[in-house]
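What follows is the content of run_14.txt (compact mmCIF, C-alpha atoms and all ligand atoms).
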```
# COMPACT_ATOMS: atom_id res chain seq x y z
CA MET A 1 0.00 0.00 0.00
CA VAL A 2 1.10 3.57 -0.70
CA LYS A 3 0.64 6.31 1.91
CA LEU A 4 -0.17 9.79 0.66
CA THR A 5 -2.22 12.84 1.59
CA ILE A 6 -5.13 14.11 -0.48
CA ASP A 7 -6.80 17.38 0.51
CA GLY A 8 -5.43 17.02 4.03
CA MET A 9 -6.62 13.42 4.46
CA ARG A 10 -3.95 10.79 5.03
CA ILE A 11 -4.87 7.77 2.98
CA ARG A 12 -3.53 4.45 1.76
CA ALA A 13 -3.91 3.56 -1.87
CA LEU A 14 -3.16 0.45 -3.84
CA GLU A 15 0.23 0.32 -5.49
CA GLY A 16 -0.23 1.12 -9.18
CA ALA A 17 -3.41 3.15 -8.66
CA THR A 18 -3.64 6.65 -10.07
CA VAL A 19 -4.19 9.76 -7.97
CA LEU A 20 -7.59 10.12 -9.65
CA GLU A 21 -8.60 6.61 -8.57
CA ALA A 22 -7.35 7.18 -5.03
CA ALA A 23 -9.27 10.46 -4.80
CA GLN A 24 -12.45 8.91 -6.19
CA GLU A 25 -12.12 6.13 -3.64
CA MET A 26 -12.24 8.84 -0.95
CA GLY A 27 -15.34 10.42 -2.53
CA ILE A 28 -13.42 13.41 -3.84
CA VAL A 29 -14.77 14.69 -7.13
CA ILE A 30 -12.19 15.65 -9.75
CA PRO A 31 -13.62 16.71 -13.12
CA THR A 32 -12.58 14.55 -16.08
CA LEU A 33 -13.24 14.51 -19.81
CA CYS A 34 -10.86 12.10 -21.54
CA HIS A 35 -10.90 9.54 -18.74
CA HIS A 36 -13.04 6.41 -18.76
CA PRO A 37 -12.53 3.62 -16.21
CA GLY A 38 -12.85 0.96 -18.92
CA LEU A 39 -10.18 2.46 -21.17
CA SER A 40 -6.46 3.09 -20.86
CA PRO A 41 -5.54 6.49 -19.41
CA TYR A 42 -4.54 9.06 -21.99
CA GLY A 43 -4.07 12.41 -20.22
CA ALA A 44 -5.24 14.57 -23.10
CA CYS A 45 -7.76 17.07 -21.75
CA ARG A 46 -5.93 18.12 -18.53
CA VAL A 47 -9.12 19.12 -16.68
CA CYS A 48 -8.26 16.57 -14.00
CA ILE A 49 -5.10 18.45 -12.95
CA VAL A 50 -4.16 18.48 -9.27
CA GLU A 51 -1.39 20.19 -7.36
CA VAL A 52 1.27 17.70 -6.35
CA GLY A 53 3.85 18.25 -3.65
CA LYS A 54 6.76 15.94 -2.99
CA GLY A 55 9.58 17.25 -0.82
CA ASP A 56 10.20 20.85 -1.91
CA ARG A 57 8.75 20.36 -5.36
CA ARG A 58 5.23 21.45 -6.36
CA SER A 59 3.72 20.93 -9.76
CA LEU A 60 0.43 20.60 -11.59
CA GLU A 61 -0.18 17.12 -12.99
CA ALA A 62 -3.01 15.25 -14.68
CA SER A 63 -4.39 13.01 -11.93
CA CYS A 64 -5.73 10.37 -14.35
CA THR A 65 -2.24 9.37 -15.45
CA LEU A 66 -0.33 10.13 -12.25
CA PRO A 67 0.53 7.05 -10.18
CA VAL A 68 0.28 7.33 -6.41
CA GLU A 69 3.62 7.58 -4.59
CA HIS A 70 4.67 7.45 -0.96
CA GLY A 71 4.67 10.88 0.66
CA GLN A 72 2.78 12.72 -2.08
CA VAL A 73 0.72 15.67 -0.91
CA ILE A 74 -2.12 16.28 -3.33
CA LEU A 75 -4.44 19.26 -3.50
CA THR A 76 -7.40 18.68 -5.79
CA ASN A 77 -8.99 22.09 -5.49
CA SER A 78 -6.36 24.67 -4.59
CA GLU A 79 -6.57 28.17 -6.03
CA LYS A 80 -3.83 27.33 -8.51
CA VAL A 81 -5.72 24.23 -9.66
CA ARG A 82 -9.03 26.08 -10.02
CA LYS A 83 -7.41 28.88 -12.02
CA GLN A 84 -5.65 26.48 -14.37
CA ARG A 85 -8.72 24.28 -14.78
CA LYS A 86 -10.82 27.28 -15.75
CA LEU A 87 -8.27 28.23 -18.39
CA ILE A 88 -8.29 24.70 -19.78
CA VAL A 89 -12.09 24.56 -19.94
CA GLU A 90 -12.15 27.96 -21.66
CA LEU A 91 -9.71 26.67 -24.27
CA LEU A 92 -11.77 23.53 -24.79
CA ILE A 93 -14.99 25.53 -25.18
CA ALA A 94 -13.25 27.78 -27.70
CA SER A 95 -12.84 24.71 -29.91
CA CYS A 96 -16.18 23.08 -29.05
CA PRO A 97 -18.70 25.72 -27.97
CA ASN A 98 -21.78 23.55 -28.51
CA SER A 99 -20.80 20.81 -26.12
CA LYS A 100 -23.29 20.70 -23.26
CA THR A 101 -20.80 18.75 -21.18
CA LEU A 102 -18.27 21.57 -21.50
CA GLN A 103 -20.85 24.31 -20.99
CA ASP A 104 -22.09 22.59 -17.82
CA MET A 105 -18.53 22.27 -16.61
CA ALA A 106 -17.96 25.98 -17.23
CA ALA A 107 -21.10 26.85 -15.28
CA ASN A 108 -19.96 24.64 -12.38
CA MET A 109 -16.59 26.32 -12.30
CA GLY A 110 -18.04 29.83 -12.32
CA ILE A 111 -16.63 30.71 -15.74
CA ASN A 112 -18.57 33.66 -17.10
CA ARG A 113 -16.80 34.39 -20.35
CA ILE A 114 -14.49 32.68 -22.79
CA ARG A 115 -11.40 34.81 -23.39
CA PHE A 116 -10.30 32.95 -26.52
CA ARG A 117 -11.42 33.19 -30.11
CA ILE A 118 -14.15 30.65 -30.83
CA ARG A 119 -13.25 28.24 -33.61
CA ASP A 120 -15.71 25.38 -33.61
CA ARG A 121 -13.77 22.23 -34.50
CA GLY A 122 -16.38 19.86 -33.07
CA CYS A 123 -13.68 17.81 -31.33
CA ILE A 124 -11.46 18.25 -28.29
CA LEU A 125 -9.07 15.46 -29.35
CA CYS A 126 -9.65 13.59 -26.11
CA GLY A 127 -9.16 10.28 -27.95
CA LEU A 128 -12.02 8.49 -26.14
CA CYS A 129 -13.58 7.37 -29.43
CA VAL A 130 -10.25 6.11 -30.77
CA ARG A 131 -9.50 4.15 -27.59
CA TYR A 132 -13.05 2.79 -27.39
CA CYS A 133 -12.89 1.56 -30.98
CA LYS A 134 -9.50 -0.05 -30.47
CA GLU A 135 -9.71 -1.37 -26.92
CA GLN A 136 -13.36 -2.26 -26.47
CA MET A 137 -14.47 -3.07 -30.01
CA LYS A 138 -11.06 -4.44 -31.07
CA SER A 139 -11.62 -2.66 -34.35
CA GLY A 140 -9.28 0.30 -34.73
CA GLY A 141 -11.42 1.74 -37.52
CA ILE A 142 -10.65 5.33 -36.50
CA GLY A 143 -7.48 7.09 -35.46
CA PHE A 144 -5.72 10.43 -35.28
CA THR A 145 -4.39 12.07 -38.40
CA GLY A 146 -2.44 15.32 -38.89
CA ARG A 147 -0.42 17.34 -36.44
CA GLY A 148 -0.87 20.52 -34.43
CA THR A 149 -3.89 22.51 -35.59
CA THR A 150 -4.69 19.99 -38.34
CA ARG A 151 -4.83 17.02 -35.94
CA MET A 152 -8.19 15.29 -36.09
CA VAL A 153 -9.95 11.96 -35.69
CA ALA A 154 -10.62 10.27 -39.00
CA THR A 155 -10.89 6.99 -40.83
CA ALA A 156 -8.19 5.96 -43.30
CA PHE A 157 -8.75 7.67 -46.68
CA GLU A 158 -12.00 9.10 -45.31
CA VAL A 159 -13.95 5.95 -46.10
CA THR A 160 -15.77 3.75 -43.61
CA PRO A 161 -13.34 0.90 -42.96
CA GLU A 162 -14.33 -2.73 -43.13
CA GLU A 163 -13.43 -3.10 -39.46
CA CYS A 164 -16.19 -0.66 -38.46
CA ARG A 165 -19.14 -2.52 -36.98
CA ASN A 166 -21.41 0.53 -36.88
CA CYS A 167 -21.72 0.09 -33.14
CA GLY A 168 -22.08 3.85 -32.54
CA GLY A 169 -19.78 3.56 -29.52
CA CYS A 170 -17.54 6.36 -30.78
CA GLU A 171 -20.46 8.80 -30.68
CA TRP A 172 -21.82 7.43 -27.43
CA ILE A 173 -18.57 7.95 -25.57
CA CYS A 174 -17.71 11.36 -27.06
CA PRO A 175 -18.07 14.13 -24.43
CA VAL A 176 -18.73 16.60 -27.22
CA CYS A 177 -21.28 14.94 -29.51
CA GLU A 178 -22.96 12.94 -26.77
CA ARG A 179 -24.97 15.99 -25.68
CA ALA A 180 -25.14 19.07 -27.87
CA CYS A 181 -26.11 22.38 -26.37
CA THR A 182 -29.36 23.42 -28.05
CA ALA A 183 -29.76 26.93 -26.69
CA GLY A 184 -28.28 28.45 -29.85
CA ASN A 185 -26.84 31.84 -28.98
CA LEU A 186 -23.44 32.07 -27.43
CA ILE A 187 -22.75 35.01 -25.14
CA ASP A 188 -19.03 35.60 -24.66
CA GLY A 189 -18.54 32.00 -25.77
CA LEU A 190 -20.99 30.59 -23.22
CA CYS A 191 -24.37 29.05 -23.81
CA GLY A 192 -27.01 31.77 -23.62
CA GLY A 193 -29.52 29.32 -22.20
CA CYS A 194 -27.74 28.62 -18.95
CA GLN A 195 -24.95 31.17 -18.77
CA ASN A 196 -24.08 30.60 -15.18
CA LEU A 197 -27.49 31.76 -14.02
CA ALA A 198 -29.01 28.49 -12.94
CA PRO A 199 -27.61 25.71 -10.78
CA VAL A 200 -26.42 22.79 -12.86
CA GLU A 201 -25.20 20.44 -10.22
CA THR A 202 -24.87 20.67 -6.45
CA CYS A 203 -21.70 19.65 -4.73
CA PRO A 204 -21.98 15.94 -3.92
CA VAL A 205 -19.58 16.39 -1.03
CA CYS A 206 -20.95 19.39 0.80
CA THR A 207 -24.64 19.59 -0.09
CA GLY A 208 -26.34 21.62 2.56
CA CYS A 209 -23.29 23.68 3.44
CA SER A 210 -24.04 27.37 3.60
CA GLU A 211 -21.14 28.60 1.49
CA SER A 212 -21.99 29.75 -2.01
CA VAL A 213 -19.16 27.70 -3.51
CA GLY A 214 -18.19 24.46 -1.85
CA PRO A 215 -14.58 23.49 -1.29
CA HIS A 216 -14.78 21.15 -4.26
CA GLY A 217 -15.54 23.91 -6.72
CA TYR A 218 -19.21 23.09 -7.15
CA LYS A 219 -21.83 25.72 -6.62
CA VAL A 220 -23.96 25.00 -3.59
CA TYR A 221 -27.56 26.25 -3.52
S1 LIG A 301 -9.24 13.31 -17.54
FE1 LIG A 301 -7.17 13.46 -17.03
S2 LIG A 301 -6.27 14.45 -18.69
FE2 LIG A 301 -8.34 14.20 -19.29
```

How does the structure come out when it is put into structure tokens?
Amino acid sequence: MVKLTIDGMRIRALEGATVLEAAQEMGIVIPTLCHHPGLSPYGACRVCIVEVGKGDRRSLEASCTLPVEHGQVILTNSEKVRKQRKLIVELLIASCPNSKTLQDMAANMGINRIRFRIRDRGCILCGLCVRYCKEQMKSGGIGFTGRGTTRMVATAFEVTPEECRNCGGCEWICPVCERACTAGNLIDGLCGGCQNLAPVETCPVCTGCSESVGPHGYKVY
């Protein structure tokens, strides 16, 4: 067993577990997008970042790919983490403004405007569809092509490959096309239908607490 501290709690985690898994085991909610428990970790979206301290060193790391280590001190919701997470979600929304998952996440984090130019690419390159196709369906019909700004998910030669079983799993697992935001108008990059005005989700950890924002970053009503 590995001994570490998460949000002030001293815990023991299984050797080989990730910080995300150890935190979830303790009931601590860390937002994720590219993580799925049935697929290999990929560490693409970075919304699961946590602050990691070991000795004198402090850094921000993606918790879904970070293995637990003896003596780690993890903060899942420090000011630094919240600030960086907001920036990441803003960047993701700038490339996928119609994703309800992302818009809900922005509302939960108290983001009230997107500071980046909106360029709807319809994909956040989280790789869930690619991993699902390869690891669960054993198909590998889709993959990444291109580099940098031209990187995208595609089939070879843009034709439906023989390996594709039309299972629809790639769409089902996609955090962007799974639920499209239908409100239409974007205001400062945010969905005009729910622009941080209505509660989306209450904090599962501190429901009933009187603070307006719980320690886990969720709005509490
Ligand atoms: S959930 Fe960890 S990087 Fe995406």

Quick one: residues within 10 Å of ligand LIG 301 (chain A), with all atoms listed in the file, as an mmCIF file with C-alpha atoms, in the frame of the given file?
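What ended up in selection.cif:
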```
data_model
loop_
_atom_site.group_PDB
_atom_site.id
_atom_site.type_symbol
_atom_site.label_atom_id
_atom_site.label_comp_id
_atom_site.auth_asym_id
_atom_site.auth_seq_id
_atom_site.Cartn_x
_atom_site.Cartn_y
_atom_site.Cartn_z
ATOM 1 C CA LEU A 20 -7.590 10.120 -9.650
ATOM 2 C CA ILE A 30 -12.190 15.650 -9.750
ATOM 3 C CA PRO A 31 -13.620 16.710 -13.120
ATOM 4 C CA THR A 32 -12.580 14.550 -16.080
ATOM 5 C CA LEU A 33 -13.240 14.510 -19.810
ATOM 6 C CA CYS A 34 -10.860 12.100 -21.540
ATOM 7 C CA HIS A 35 -10.900 9.540 -18.740
ATOM 8 C CA HIS A 36 -13.040 6.410 -18.760
ATOM 9 C CA PRO A 41 -5.540 6.490 -19.410
ATOM 10 C CA TYR A 42 -4.540 9.060 -21.990
ATOM 11 C CA GLY A 43 -4.070 12.410 -20.220
ATOM 12 C CA ALA A 44 -5.240 14.570 -23.100
ATOM 13 C CA CYS A 45 -7.760 17.070 -21.750
ATOM 14 C CA ARG A 46 -5.930 18.120 -18.530
ATOM 15 C CA VAL A 47 -9.120 19.120 -16.680
ATOM 16 C CA CYS A 48 -8.260 16.570 -14.000
ATOM 17 C CA ILE A 49 -5.100 18.450 -12.950
ATOM 18 C CA VAL A 50 -4.160 18.480 -9.270
ATOM 19 C CA GLU A 61 -0.180 17.120 -12.990
ATOM 20 C CA ALA A 62 -3.010 15.250 -14.680
ATOM 21 C CA SER A 63 -4.390 13.010 -11.930
ATOM 22 C CA CYS A 64 -5.730 10.370 -14.350
ATOM 23 C CA THR A 65 -2.240 9.370 -15.450
ATOM 24 C CA LEU A 66 -0.330 10.130 -12.250
ATOM 25 C CA CYS A 126 -9.650 13.590 -26.110
ATOM 26 C CA GLY A 127 -9.160 10.280 -27.950
ATOM 27 C CA LEU A 128 -12.020 8.490 -26.140
#
```

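Taking CA of Cys133 (chain A) and CA of Arg147 (chain A) as the two end points, the separation is 20.8 Å.
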
Next on the checklist: Can you tell me which residues surround Thr5 (chain A) at a distance of at most 12 Å, considering only C-alpha atoms, apart from same-chain residues fewer than 2 positions away, and format the answer as number ranges by chain?
Outcome noted: A: 2-3, 7-13, 19, 22-23, 26, 51-54, 68-76

Checklist entry - When you draw a straight line from CA of Lys86 (chain A) to CA of Thr101 (chain A), how long is it in Å? => result 14.2 Å

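Distance-wise, CA of Met1 (chain A) and CA of Val29 (chain A) end up 22.0 Å apart.
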
Checklist entry - Of the candidates A:Gly141, A:Pro97, A:Pro37, A:Pro67, which one gets nearest to Asp120 (chain A) if we count all atoms listed in the file? => result A:Pro97
